Amino acid sequence: MRWNIINFSILLIALFTIGGCGAKGKTSETPEERHAREAYVSVNDYVG
């Protein structure tokens, strides 16, 4: 019984260490990234 608790604890610690808590919120984009997204047009969409 004691080994099951230890193994479970090690597994839980390993999962949080490798994957994190998964609580990554939406990252806000910087003004430079927003400008680049709005100012430039894809080559496929460009009509001249």
# chains A, B, ... in the order shown; residues from 1 in each chain; ligands from 1
$ select_by_dssp --residues "chain A" --states "alpha helix (DSSP H)" --output "list in words"
Arg2, Trp3, Asn4, Ile5, Ile6, Asn7, Phe8, Ser9, Ile10, Leu11, Leu12, Ile13, Ala14, Leu15, Phe16, Thr17, Ile18, Gly19, Pro31, Glu32, Glu33, Arg34, His35, Ala36, Arg37, Glu38 and Ala39 of chain A
